file protein_11.cif (mmCIF, N, CA and C atoms)
data_my_file
loop_
_atom_site.label_atom_id
_atom_site.label_comp_id
_atom_site.auth_asym_id
_atom_site.auth_seq_id
_atom_site.Cartn_x
_atom_site.Cartn_y
_atom_site.Cartn_z
N MET Y 1053 82.88 173.89 -137.11
CA MET Y 1053 82.10 173.59 -135.94
C MET Y 1053 80.72 173.12 -136.37
N GLU Y 1054 80.21 172.16 -135.66
CA GLU Y 1054 78.87 171.64 -135.92
C GLU Y 1054 77.91 172.15 -134.85
N TYR Y 1055 76.66 172.24 -135.21
CA TYR Y 1055 75.61 172.62 -134.27
C TYR Y 1055 75.63 171.70 -133.06
N THR Y 1056 75.88 170.42 -133.30
CA THR Y 1056 75.88 169.44 -132.22
C THR Y 1056 77.07 169.61 -131.28
N ASP Y 1057 78.06 170.43 -131.65
CA ASP Y 1057 79.18 170.72 -130.76
C ASP Y 1057 78.80 171.70 -129.65
N LEU Y 1058 77.69 172.41 -129.84
CA LEU Y 1058 77.21 173.34 -128.82
C LEU Y 1058 76.64 172.55 -127.64
N THR Y 1059 76.64 173.19 -126.47
CA THR Y 1059 76.02 172.54 -125.31
C THR Y 1059 74.52 172.40 -125.58
N PRO Y 1060 73.88 171.44 -124.92
CA PRO Y 1060 72.43 171.28 -125.12
C PRO Y 1060 71.63 172.55 -124.82
N SER Y 1061 72.05 173.34 -123.84
CA SER Y 1061 71.30 174.57 -123.53
C SER Y 1061 71.44 175.60 -124.65
N LEU Y 1062 72.61 175.67 -125.29
CA LEU Y 1062 72.79 176.60 -126.41
C LEU Y 1062 72.02 176.12 -127.63
N GLN Y 1063 71.99 174.81 -127.86
CA GLN Y 1063 71.18 174.26 -128.95
C GLN Y 1063 69.71 174.58 -128.73
N ALA Y 1064 69.25 174.44 -127.50
CA ALA Y 1064 67.85 174.72 -127.19
C ALA Y 1064 67.53 176.20 -127.40
N ALA Y 1065 68.48 177.08 -127.09
CA ALA Y 1065 68.27 178.52 -127.28
C ALA Y 1065 68.11 178.84 -128.76
N ILE Y 1066 68.96 178.25 -129.59
CA ILE Y 1066 68.85 178.48 -131.04
C ILE Y 1066 67.52 177.93 -131.55
N ALA Y 1067 67.16 176.73 -131.12
CA ALA Y 1067 65.90 176.13 -131.57
C ALA Y 1067 64.70 177.00 -131.17
N LYS Y 1068 64.74 177.58 -129.98
CA LYS Y 1068 63.64 178.44 -129.54
C LYS Y 1068 63.53 179.68 -130.42
N ALA Y 1069 64.67 180.31 -130.73
CA ALA Y 1069 64.67 181.49 -131.60
C ALA Y 1069 64.19 181.12 -133.00
N GLU Y 1070 64.64 179.97 -133.52
CA GLU Y 1070 64.20 179.53 -134.85
C GLU Y 1070 62.70 179.30 -134.88
N ASN Y 1071 62.14 178.72 -133.83
CA ASN Y 1071 60.70 178.47 -133.78
C ASN Y 1071 59.91 179.76 -133.80
N ILE Y 1072 60.39 180.78 -133.11
CA ILE Y 1072 59.73 182.08 -133.14
C ILE Y 1072 59.78 182.65 -134.56
N ALA Y 1073 60.94 182.56 -135.20
CA ALA Y 1073 61.09 183.05 -136.57
C ALA Y 1073 60.20 182.28 -137.54
N ILE Y 1074 60.13 180.97 -137.38
CA ILE Y 1074 59.31 180.13 -138.26
C ILE Y 1074 57.83 180.52 -138.14
N GLU Y 1075 57.36 180.75 -136.92
CA GLU Y 1075 55.96 181.18 -136.73
C GLU Y 1075 55.70 182.49 -137.47
N GLN Y 1076 56.64 183.41 -137.38
CA GLN Y 1076 56.47 184.69 -138.06
C GLN Y 1076 56.51 184.53 -139.57
N ILE Y 1077 57.40 183.69 -140.07
CA ILE Y 1077 57.48 183.45 -141.52
C ILE Y 1077 56.17 182.85 -142.01
N GLN Y 1078 55.62 181.89 -141.27
CA GLN Y 1078 54.36 181.26 -141.68
C GLN Y 1078 53.21 182.25 -141.73
N LEU Y 1079 53.23 183.21 -140.83
CA LEU Y 1079 52.17 184.22 -140.80
C LEU Y 1079 52.36 185.33 -141.82
N GLN Y 1080 53.63 185.73 -142.03
CA GLN Y 1080 53.90 186.92 -142.83
C GLN Y 1080 54.83 186.69 -144.02
N ARG Y 1081 55.43 185.52 -144.10
CA ARG Y 1081 56.44 185.21 -145.11
C ARG Y 1081 57.76 185.95 -144.87
N ASP Y 1082 57.86 186.64 -143.75
CA ASP Y 1082 59.05 187.40 -143.41
C ASP Y 1082 59.05 187.58 -141.89
N PHE Y 1083 60.14 188.06 -141.34
CA PHE Y 1083 60.13 188.38 -139.92
C PHE Y 1083 61.13 189.48 -139.63
N GLU Y 1084 60.83 190.24 -138.58
CA GLU Y 1084 61.73 191.28 -138.14
C GLU Y 1084 62.85 190.66 -137.33
N PRO Y 1085 64.05 191.19 -137.44
CA PRO Y 1085 65.13 190.71 -136.58
C PRO Y 1085 64.73 190.90 -135.11
N PHE Y 1086 65.23 190.01 -134.26
CA PHE Y 1086 64.92 190.12 -132.84
C PHE Y 1086 66.03 189.50 -132.00
N ILE Y 1087 66.01 189.88 -130.73
CA ILE Y 1087 66.92 189.30 -129.75
C ILE Y 1087 66.08 188.55 -128.73
N LEU Y 1088 66.49 187.35 -128.44
CA LEU Y 1088 65.88 186.53 -127.41
C LEU Y 1088 66.85 186.50 -126.25
N SER Y 1089 66.43 186.97 -125.08
CA SER Y 1089 67.34 187.03 -123.94
C SER Y 1089 66.55 186.86 -122.65
N GLY Y 1090 67.22 187.10 -121.54
CA GLY Y 1090 66.60 186.94 -120.23
C GLY Y 1090 66.73 185.52 -119.75
N ASP Y 1091 66.21 185.30 -118.57
CA ASP Y 1091 66.27 183.96 -118.02
C ASP Y 1091 64.86 183.52 -117.70
N PRO Y 1092 64.29 182.59 -118.35
CA PRO Y 1092 64.80 181.57 -119.26
C PRO Y 1092 64.51 181.88 -120.74
N LEU Y 1093 65.21 182.83 -121.29
CA LEU Y 1093 65.05 183.25 -122.68
C LEU Y 1093 63.59 183.57 -123.00
N ASP Y 1094 63.01 184.44 -122.19
CA ASP Y 1094 61.61 184.78 -122.36
C ASP Y 1094 61.37 186.22 -122.80
N ALA Y 1095 62.43 186.97 -123.00
CA ALA Y 1095 62.29 188.37 -123.43
C ALA Y 1095 62.63 188.48 -124.91
N ILE Y 1096 61.70 189.00 -125.69
CA ILE Y 1096 61.93 189.23 -127.12
C ILE Y 1096 61.98 190.72 -127.36
N GLN Y 1097 63.07 191.18 -127.95
CA GLN Y 1097 63.22 192.58 -128.29
C GLN Y 1097 63.34 192.67 -129.81
N ARG Y 1098 62.39 193.36 -130.44
CA ARG Y 1098 62.37 193.51 -131.90
C ARG Y 1098 63.36 194.59 -132.32
N ILE Y 1099 63.95 194.38 -133.46
CA ILE Y 1099 64.88 195.34 -134.04
C ILE Y 1099 64.23 195.87 -135.31
N LYS Y 1100 64.05 197.17 -135.39
CA LYS Y 1100 63.27 197.80 -136.45
C LYS Y 1100 64.11 198.24 -137.65
N THR Y 1101 65.12 197.47 -137.99
CA THR Y 1101 65.90 197.76 -139.18
C THR Y 1101 66.27 196.45 -139.86
N ARG Y 1102 66.55 196.51 -141.13
CA ARG Y 1102 66.98 195.32 -141.88
C ARG Y 1102 68.43 195.46 -142.32
N ASP Y 1103 69.02 196.63 -142.07
CA ASP Y 1103 70.41 196.90 -142.42
C ASP Y 1103 71.31 196.14 -141.46
N MET Y 1104 72.23 195.33 -141.98
CA MET Y 1104 73.05 194.47 -141.14
C MET Y 1104 73.85 195.25 -140.12
N ASP Y 1105 74.45 196.36 -140.50
CA ASP Y 1105 75.19 197.17 -139.54
C ASP Y 1105 74.26 197.70 -138.46
N GLY Y 1106 73.07 198.12 -138.87
CA GLY Y 1106 72.08 198.62 -137.93
C GLY Y 1106 71.60 197.53 -136.97
N ILE Y 1107 71.42 196.32 -137.49
CA ILE Y 1107 71.00 195.20 -136.65
C ILE Y 1107 72.04 194.94 -135.57
N LEU Y 1108 73.32 194.88 -135.96
CA LEU Y 1108 74.38 194.60 -134.99
C LEU Y 1108 74.54 195.74 -133.99
N ASP Y 1109 74.44 196.98 -134.45
CA ASP Y 1109 74.53 198.12 -133.54
C ASP Y 1109 73.41 198.09 -132.51
N MET Y 1110 72.19 197.84 -132.98
CA MET Y 1110 71.05 197.80 -132.09
C MET Y 1110 71.16 196.61 -131.12
N ALA Y 1111 71.61 195.47 -131.63
CA ALA Y 1111 71.78 194.29 -130.77
C ALA Y 1111 72.79 194.57 -129.67
N GLU Y 1112 73.89 195.21 -130.03
CA GLU Y 1112 74.91 195.54 -129.03
C GLU Y 1112 74.34 196.47 -127.96
N GLU Y 1113 73.58 197.46 -128.40
CA GLU Y 1113 72.98 198.41 -127.47
C GLU Y 1113 71.97 197.72 -126.54
N LEU Y 1114 71.09 196.91 -127.11
CA LEU Y 1114 70.08 196.22 -126.30
C LEU Y 1114 70.71 195.25 -125.32
N LEU Y 1115 71.73 194.52 -125.76
CA LEU Y 1115 72.36 193.54 -124.89
C LEU Y 1115 73.20 194.19 -123.80
N SER Y 1116 73.73 195.37 -124.06
CA SER Y 1116 74.50 196.06 -123.01
C SER Y 1116 73.58 196.51 -121.88
N GLU Y 1117 72.30 196.68 -122.17
CA GLU Y 1117 71.31 197.07 -121.17
C GLU Y 1117 70.75 195.87 -120.42
N THR Y 1118 71.03 194.67 -120.90
CA THR Y 1118 70.52 193.44 -120.30
C THR Y 1118 71.62 192.83 -119.45
N ASP Y 1119 71.46 192.89 -118.14
CA ASP Y 1119 72.52 192.39 -117.27
C ASP Y 1119 72.17 191.07 -116.59
N ASP Y 1120 70.98 190.53 -116.83
CA ASP Y 1120 70.59 189.29 -116.17
C ASP Y 1120 70.59 188.09 -117.09
N SER Y 1121 71.11 188.24 -118.28
CA SER Y 1121 71.04 187.16 -119.26
C SER Y 1121 72.40 186.49 -119.42
N GLU Y 1122 72.42 185.17 -119.24
CA GLU Y 1122 73.65 184.42 -119.48
C GLU Y 1122 73.77 184.02 -120.94
N THR Y 1123 72.63 183.94 -121.61
CA THR Y 1123 72.59 183.55 -123.02
C THR Y 1123 71.66 184.50 -123.76
N ALA Y 1124 72.02 184.81 -125.00
CA ALA Y 1124 71.17 185.62 -125.86
C ALA Y 1124 71.31 185.13 -127.29
N VAL Y 1125 70.25 185.27 -128.06
CA VAL Y 1125 70.26 184.87 -129.47
C VAL Y 1125 69.76 186.05 -130.30
N LEU Y 1126 70.53 186.44 -131.29
CA LEU Y 1126 70.13 187.42 -132.28
C LEU Y 1126 69.67 186.64 -133.50
N ALA Y 1127 68.43 186.84 -133.92
CA ALA Y 1127 67.89 186.12 -135.08
C ALA Y 1127 67.47 187.12 -136.15
N TYR Y 1128 67.86 186.84 -137.38
CA TYR Y 1128 67.48 187.69 -138.51
C TYR Y 1128 67.46 186.86 -139.78
N LYS Y 1129 66.81 187.40 -140.79
CA LYS Y 1129 66.73 186.73 -142.09
C LYS Y 1129 67.88 187.22 -142.96
N ASP Y 1130 68.47 186.30 -143.71
CA ASP Y 1130 69.54 186.68 -144.63
C ASP Y 1130 69.50 185.73 -145.82
N ARG Y 1131 70.22 186.07 -146.82
CA ARG Y 1131 70.36 185.22 -148.01
C ARG Y 1131 71.78 184.68 -147.97
N ILE Y 1132 71.92 183.36 -147.93
CA ILE Y 1132 73.20 182.69 -147.80
C ILE Y 1132 73.56 182.05 -149.14
N THR Y 1133 74.76 182.32 -149.61
CA THR Y 1133 75.22 181.73 -150.86
C THR Y 1133 76.18 180.58 -150.55
N LEU Y 1134 75.83 179.40 -151.06
CA LEU Y 1134 76.66 178.20 -150.93
C LEU Y 1134 77.13 177.79 -152.32
N ASN Y 1135 77.89 176.73 -152.38
CA ASN Y 1135 78.39 176.25 -153.67
C ASN Y 1135 77.27 175.88 -154.64
N ASP Y 1136 76.13 175.41 -154.11
CA ASP Y 1136 75.04 174.96 -154.98
C ASP Y 1136 73.89 175.97 -155.07
N GLY Y 1137 74.13 177.23 -154.71
CA GLY Y 1137 73.11 178.25 -154.90
C GLY Y 1137 72.94 179.15 -153.69
N ALA Y 1138 71.99 180.08 -153.83
CA ALA Y 1138 71.68 181.02 -152.76
C ALA Y 1138 70.34 180.63 -152.13
N PHE Y 1139 70.25 180.74 -150.82
CA PHE Y 1139 69.07 180.30 -150.09
C PHE Y 1139 68.70 181.32 -149.02
N ASP Y 1140 67.40 181.44 -148.75
CA ASP Y 1140 66.97 182.21 -147.60
C ASP Y 1140 67.36 181.43 -146.35
N ALA Y 1141 67.67 182.15 -145.29
CA ALA Y 1141 68.08 181.49 -144.05
C ALA Y 1141 67.61 182.28 -142.84
N ILE Y 1142 67.26 181.54 -141.81
CA ILE Y 1142 67.10 182.12 -140.48
C ILE Y 1142 68.49 182.04 -139.87
N VAL Y 1143 69.09 183.19 -139.64
CA VAL Y 1143 70.44 183.22 -139.06
C VAL Y 1143 70.30 183.49 -137.57
N CYS Y 1144 70.93 182.66 -136.77
CA CYS Y 1144 70.96 182.84 -135.33
C CYS Y 1144 72.40 183.00 -134.88
N GLN Y 1145 72.66 184.13 -134.24
CA GLN Y 1145 73.95 184.34 -133.61
C GLN Y 1145 73.73 184.15 -132.12
N ILE Y 1146 74.45 183.20 -131.54
CA ILE Y 1146 74.25 182.88 -130.13
C ILE Y 1146 75.43 183.38 -129.31
N TYR Y 1147 75.09 183.98 -128.18
CA TYR Y 1147 76.09 184.53 -127.27
C TYR Y 1147 75.86 183.94 -125.89
N ASN Y 1148 76.95 183.64 -125.18
CA ASN Y 1148 76.85 183.11 -123.83
C ASN Y 1148 78.02 183.66 -123.03
N VAL Y 1149 77.77 184.01 -121.77
CA VAL Y 1149 78.83 184.60 -120.96
C VAL Y 1149 79.98 183.63 -120.69
N GLU Y 1150 79.75 182.34 -120.85
CA GLU Y 1150 80.79 181.33 -120.61
C GLU Y 1150 81.69 181.11 -121.83
N GLU Y 1151 81.34 181.69 -122.97
CA GLU Y 1151 82.08 181.47 -124.22
C GLU Y 1151 82.94 182.68 -124.56
N ASP Y 1152 84.09 182.43 -125.16
CA ASP Y 1152 84.96 183.52 -125.60
C ASP Y 1152 84.39 184.25 -126.82
N THR Y 1153 83.71 183.51 -127.68
CA THR Y 1153 83.13 184.10 -128.89
C THR Y 1153 81.67 183.69 -128.98
N GLY Y 1154 80.98 184.34 -129.90
CA GLY Y 1154 79.63 183.92 -130.25
C GLY Y 1154 79.73 183.04 -131.49
N TYR Y 1155 78.63 182.39 -131.83
CA TYR Y 1155 78.60 181.49 -132.97
C TYR Y 1155 77.40 181.82 -133.84
N SER Y 1156 77.59 181.73 -135.14
CA SER Y 1156 76.53 182.04 -136.08
C SER Y 1156 76.17 180.79 -136.89
N PHE Y 1157 74.88 180.47 -136.90
CA PHE Y 1157 74.37 179.33 -137.65
C PHE Y 1157 73.21 179.78 -138.52
N GLY Y 1158 73.07 179.16 -139.69
CA GLY Y 1158 71.96 179.46 -140.58
C GLY Y 1158 71.12 178.23 -140.84
N GLN Y 1159 69.81 178.38 -140.69
CA GLN Y 1159 68.85 177.32 -141.04
C GLN Y 1159 68.27 177.69 -142.39
N LEU Y 1160 68.67 176.97 -143.43
CA LEU Y 1160 68.25 177.28 -144.80
C LEU Y 1160 66.83 176.78 -145.05
N TYR Y 1161 66.08 177.56 -145.83
CA TYR Y 1161 64.71 177.16 -146.13
C TYR Y 1161 64.26 177.72 -147.47
N GLN Y 1162 63.20 177.11 -147.98
CA GLN Y 1162 62.48 177.60 -149.16
C GLN Y 1162 61.00 177.55 -148.82
N ILE Y 1163 60.24 178.45 -149.44
CA ILE Y 1163 58.79 178.45 -149.25
C ILE Y 1163 58.16 177.96 -150.54
N GLY Y 1164 57.34 176.92 -150.43
CA GLY Y 1164 56.64 176.37 -151.58
C GLY Y 1164 55.34 175.73 -151.15
N ASP Y 1165 54.31 175.87 -151.94
CA ASP Y 1165 53.00 175.30 -151.63
C ASP Y 1165 52.48 175.79 -150.28
N GLY Y 1166 52.83 177.00 -149.90
CA GLY Y 1166 52.37 177.55 -148.63
C GLY Y 1166 53.07 176.99 -147.41
N ASN Y 1167 54.10 176.19 -147.62
CA ASN Y 1167 54.82 175.58 -146.50
C ASN Y 1167 56.29 175.95 -146.54
N ILE Y 1168 56.91 175.87 -145.39
CA ILE Y 1168 58.35 176.09 -145.30
C ILE Y 1168 59.04 174.73 -145.40
N HIS Y 1169 60.00 174.64 -146.32
CA HIS Y 1169 60.77 173.42 -146.49
C HIS Y 1169 62.21 173.72 -146.10
N PHE Y 1170 62.70 173.01 -145.10
CA PHE Y 1170 64.06 173.23 -144.63
C PHE Y 1170 65.03 172.38 -145.43
N LEU Y 1171 66.20 172.94 -145.69
CA LEU Y 1171 67.21 172.28 -146.49
C LEU Y 1171 68.40 171.91 -145.62
N ASN Y 1172 68.86 170.70 -145.78
CA ASN Y 1172 70.08 170.26 -145.08
C ASN Y 1172 69.98 170.49 -143.58
N LYS Y 1173 71.13 170.47 -142.96
CA LYS Y 1173 71.20 170.78 -141.53
C LYS Y 1173 71.61 172.23 -141.37
N ARG Y 1174 71.69 172.69 -140.16
CA ARG Y 1174 72.13 174.06 -139.92
C ARG Y 1174 73.55 174.24 -140.43
N VAL Y 1175 73.80 175.38 -141.04
CA VAL Y 1175 75.10 175.68 -141.61
C VAL Y 1175 75.85 176.59 -140.64
N PHE Y 1176 77.06 176.20 -140.28
CA PHE Y 1176 77.90 177.04 -139.42
C PHE Y 1176 78.45 178.17 -140.27
N LEU Y 1177 78.14 179.41 -139.86
CA LEU Y 1177 78.56 180.57 -140.64
C LEU Y 1177 79.81 181.23 -140.08
N GLY Y 1178 80.21 180.84 -138.89
CA GLY Y 1178 81.46 181.34 -138.34
C GLY Y 1178 81.32 181.84 -136.92
N LYS Y 1179 82.46 182.15 -136.34
CA LYS Y 1179 82.50 182.75 -135.01
C LYS Y 1179 82.25 184.24 -135.17
N VAL Y 1180 81.57 184.81 -134.18
CA VAL Y 1180 81.28 186.25 -134.17
C VAL Y 1180 81.67 186.80 -132.80
N ARG Y 1181 81.76 188.11 -132.74
CA ARG Y 1181 82.09 188.75 -131.46
C ARG Y 1181 80.98 188.48 -130.47
N ASN Y 1182 81.35 188.10 -129.28
CA ASN Y 1182 80.37 187.80 -128.23
C ASN Y 1182 79.85 189.11 -127.64
N LEU Y 1183 78.62 189.46 -127.96
CA LEU Y 1183 78.03 190.73 -127.54
C LEU Y 1183 77.67 190.76 -126.05
N LEU Y 1184 77.80 189.64 -125.35
CA LEU Y 1184 77.54 189.64 -123.90
C LEU Y 1184 78.81 189.95 -123.11
N ILE Y 1185 79.94 190.00 -123.77
CA ILE Y 1185 81.20 190.30 -123.11
C ILE Y 1185 81.66 191.68 -123.56
N PHE Y 1186 81.74 192.60 -122.64
CA PHE Y 1186 82.11 193.97 -122.97
C PHE Y 1186 83.45 194.34 -122.37
#
call {"tool": "encode", "arguments": {"input": "protein_11.cif", "output": "structure tokens"}}
result
Amino acid sequence: MEYTDLTPSLQAAIAKAENIAIEQIQLQRDFEPFILSGDPLDAIQRIKTRDMDGILDMAEELLSETDDSETAVLAYKDRITLNDGAFDAIVCQIYNVEEDTGYSFGQLYQIGDGNIHFLNKRVFLGKVRNLLIF
């Protein structure tokens, strides 16, 4: 699946979450995982763990309490290994009530000369369980 296969509104949701993460990386060189939800994706809920199982558990709990959101994005930092090496990535898992599954994409980047340099296009990391469907 390609990023461009998503509907324009889902692409915009991912881009909004990535922009929030990029601002945090520029300020701190790191960012806390967060969920972007609500209508029109204006609620940010921080997740105070870096453990992947903990992130998913907390995301599931937070999203189960959110009943007015048709779309939500879970954003976190991860290290992605590809054929040509390992890269830092902003990972966005997007969930929508109209979709059977969620989708995970990674925006690869490197930090050099005080700037963030993005590599390639977004990498499709796979389908994930849709946390908006219980």
call {"tool": "select_by_dssp", "arguments": {"input": "protein_11.cif", "residues": "stretch 1056-1106 of chain Y", "states": "strand (DSSP E)", "output": "MDAnalysis selection string"}}
result
chainID Y and resid 1086:1089 1095:1098
call {"tool": "write_last_selection", "arguments": {"input": "protein_11.cif", "atoms": "N, CA and C atoms", "output": "CSV table (one decimal), in the frame of the given file"}}
result
chain,number,residue,atom,x,y,z
Y,1086,PHE,N,65.2,190.0,-134.3
Y,1086,PHE,CA,64.9,190.1,-132.8
Y,1086,PHE,C,66.0,189.5,-132.0
Y,1087,ILE,N,66.0,189.9,-130.7
Y,1087,ILE,CA,66.9,189.3,-129.8
Y,1087,ILE,C,66.1,188.6,-128.7
Y,1088,LEU,N,66.5,187.4,-128.4
Y,1088,LEU,CA,65.9,186.5,-127.4
Y,1088,LEU,C,66.8,186.5,-126.2
Y,1089,SER,N,66.4,187.0,-125.1
Y,1089,SER,CA,67.3,187.0,-123.9
Y,1089,SER,C,66.6,186.9,-122.6
Y,1095,ALA,N,62.4,187.0,-123.0
Y,1095,ALA,CA,62.3,188.4,-123.4
Y,1095,ALA,C,62.6,188.5,-124.9
Y,1096,ILE,N,61.7,189.0,-125.7
Y,1096,ILE,CA,61.9,189.2,-127.1
Y,1096,ILE,C,62.0,190.7,-127.4
Y,1097,GLN,N,63.1,191.2,-128.0
Y,1097,GLN,CA,63.2,192.6,-128.3
Y,1097,GLN,C,63.3,192.7,-129.8
Y,1098,ARG,N,62.4,193.4,-130.4
Y,1098,ARG,CA,62.4,193.5,-131.9
Y,1098,ARG,C,63.4,194.6,-132.3
call {"tool": "closest_atom_pairs", "arguments": {"input": "protein_11.cif", "of": "stretch 1086-1153 of chain Y", "to": "stretch 1058-1070 of chain Y", "cutoff": "8 Å", "atoms": "only N, CA and C atoms", "output": "CSV"}}
result
residue,atom,partner,partner_atom,distance
Y:Ile1087,C,Y:Ala1069,CA,7.8
Y:Leu1088,CA,Y:Ala1069,CA,6.7
Y:Leu1093,CA,Y:Ala1065,CA,7.3
Y:Thr1123,C,Y:Ala1065,CA,7.7
Y:Ala1124,C,Y:Ala1065,C,7.2
Y:Val1125,CA,Y:Ala1065,C,6.4
Y:Leu1126,C,Y:Ala1069,CA,7.4
Y:Ala1127,CA,Y:Ala1069,C,6.6
Y:Ile1142,CA,Y:Glu1070,CA,6.8
Y:Val1143,N,Y:Glu1070,CA,7.8
Y:Cys1144,CA,Y:Ile1066,CA,6.5
Y:Gln1145,N,Y:Ile1066,CA,7.5
Y:Ile1146,CA,Y:Ile1066,CA,7.0
Y:Tyr1147,N,Y:Leu1062,CA,7.9
call {"tool": "resolve_selection", "arguments": {"input": "protein_11.cif", "expression": "the PyMOL selection byres ((chain Y and resi 1150-1158) around 7)", "output": "list in words"}}
result
Glu1122, Ala1141, Ile1142, Val1143, Cys1144, Gln1145, Ile1146, Tyr1147, Asn1148, Val1149, Gln1159, Leu1160, Lys1173, Arg1174, Val1175, Phe1176, Leu1177, Gly1178, Lys1179, Val1180, Arg1181, Asn1182 and Leu1183 of chain Y
call {"tool": "atom_distance", "arguments": {"input": "protein_11.cif", "atom1": "atom N of Y:Pro1085", "atom2": "atom CA of Y:Asp1130"}}
result
10.1 Å
call {"tool": "atom_distance", "arguments": {"input": "protein_11.cif", "atom1": "atom N of Y:Gly1166", "atom2": "atom N of Y:Ile1099"}}
result
26.4 Å
call {"tool": "closest_residue", "arguments": {"input": "protein_11.cif", "among": "Y:Asp1057, Y:Asp1136, Y:Asp1105, Y:Asp1120", "to": "Y:Pro1092", "atoms": "only C-alpha atoms"}}
result
Y:Asp1120
call {"tool": "closest_residue", "arguments": {"input": "protein_11.cif", "among": "Y:Ile1072, Y:Leu1184, Y:Ile1168, Y:Leu1134", "to": "Y:Phe1086", "atoms": "only C-alpha atoms"}}
result
Y:Ile1072
call {"tool": "atom_distance", "arguments": {"input": "protein_11.cif", "atom1": "atom CA of Y:Asn1135", "atom2": "atom C of Y:Ile1107"}}
result
26.8 Å
call {"tool": "closest_residue", "arguments": {"input": "protein_11.cif", "among": "Y:Asn1071, Y:Glu1084, Y:Thr1118, Y:Glu1112", "to": "Y:Lys1100", "atoms": "all atoms listed in the file"}}
result
Y:Glu1084
call {"tool": "build_atoms", "arguments": {"input": "protein_11.cif", "residues": "stretch 1081-1086 of chain Y", "atoms": "all heavy atoms", "output": "short mmCIF file (atom, residue, chain, number, x, y, z; two decimals), in the frame of the given file"}}
result
data_model
loop_
_atom_site.label_atom_id
_atom_site.label_comp_id
_atom_site.auth_asym_id
_atom_site.auth_seq_id
_atom_site.Cartn_x
_atom_site.Cartn_y
_atom_site.Cartn_z
N ARG Y 1081 55.43 185.52 -144.10
CA ARG Y 1081 56.44 185.21 -145.11
C ARG Y 1081 57.76 185.95 -144.87
O ARG Y 1081 58.64 185.98 -145.68
CB ARG Y 1081 55.96 185.55 -146.52
CG ARG Y 1081 54.73 184.83 -146.94
CD ARG Y 1081 55.12 183.71 -147.84
NE ARG Y 1081 53.93 183.09 -148.37
CZ ARG Y 1081 53.70 181.80 -148.27
NH1 ARG Y 1081 54.55 181.03 -147.68
NH2 ARG Y 1081 52.62 181.29 -148.78
N ASP Y 1082 57.86 186.64 -143.75
CA ASP Y 1082 59.05 187.40 -143.41
C ASP Y 1082 59.05 187.58 -141.89
O ASP Y 1082 58.07 187.30 -141.24
CB ASP Y 1082 59.01 188.76 -144.10
CG ASP Y 1082 60.37 189.41 -144.21
OD1 ASP Y 1082 61.36 188.81 -143.76
OD2 ASP Y 1082 60.44 190.52 -144.73
N PHE Y 1083 60.14 188.06 -141.34
CA PHE Y 1083 60.13 188.38 -139.92
C PHE Y 1083 61.13 189.48 -139.63
O PHE Y 1083 62.11 189.66 -140.33
CB PHE Y 1083 60.39 187.14 -139.04
CG PHE Y 1083 61.80 186.61 -139.09
CD1 PHE Y 1083 62.74 186.98 -138.14
CD2 PHE Y 1083 62.19 185.71 -140.07
CE1 PHE Y 1083 64.03 186.48 -138.16
CE2 PHE Y 1083 63.48 185.19 -140.11
CZ PHE Y 1083 64.40 185.58 -139.15
N GLU Y 1084 60.83 190.24 -138.58
CA GLU Y 1084 61.73 191.28 -138.14
C GLU Y 1084 62.85 190.66 -137.33
O GLU Y 1084 62.61 189.71 -136.56
CB GLU Y 1084 61.00 192.28 -137.23
CG GLU Y 1084 60.02 193.16 -137.93
CD GLU Y 1084 59.36 194.12 -136.95
OE1 GLU Y 1084 59.17 193.78 -135.77
OE2 GLU Y 1084 59.04 195.23 -137.40
N PRO Y 1085 64.05 191.19 -137.44
CA PRO Y 1085 65.13 190.71 -136.58
C PRO Y 1085 64.73 190.90 -135.11
O PRO Y 1085 63.99 191.83 -134.77
CB PRO Y 1085 66.30 191.63 -136.94
CG PRO Y 1085 65.97 192.19 -138.27
CD PRO Y 1085 64.48 192.26 -138.33
N PHE Y 1086 65.23 190.01 -134.26
CA PHE Y 1086 64.92 190.12 -132.84
C PHE Y 1086 66.03 189.50 -132.00
O PHE Y 1086 66.85 188.74 -132.50
CB PHE Y 1086 63.57 189.46 -132.50
CG PHE Y 1086 63.53 187.96 -132.74
CD1 PHE Y 1086 63.89 187.06 -131.74
CD2 PHE Y 1086 63.12 187.46 -133.97
CE1 PHE Y 1086 63.83 185.69 -131.97
CE2 PHE Y 1086 63.06 186.09 -134.21
CZ PHE Y 1086 63.42 185.20 -133.20
#
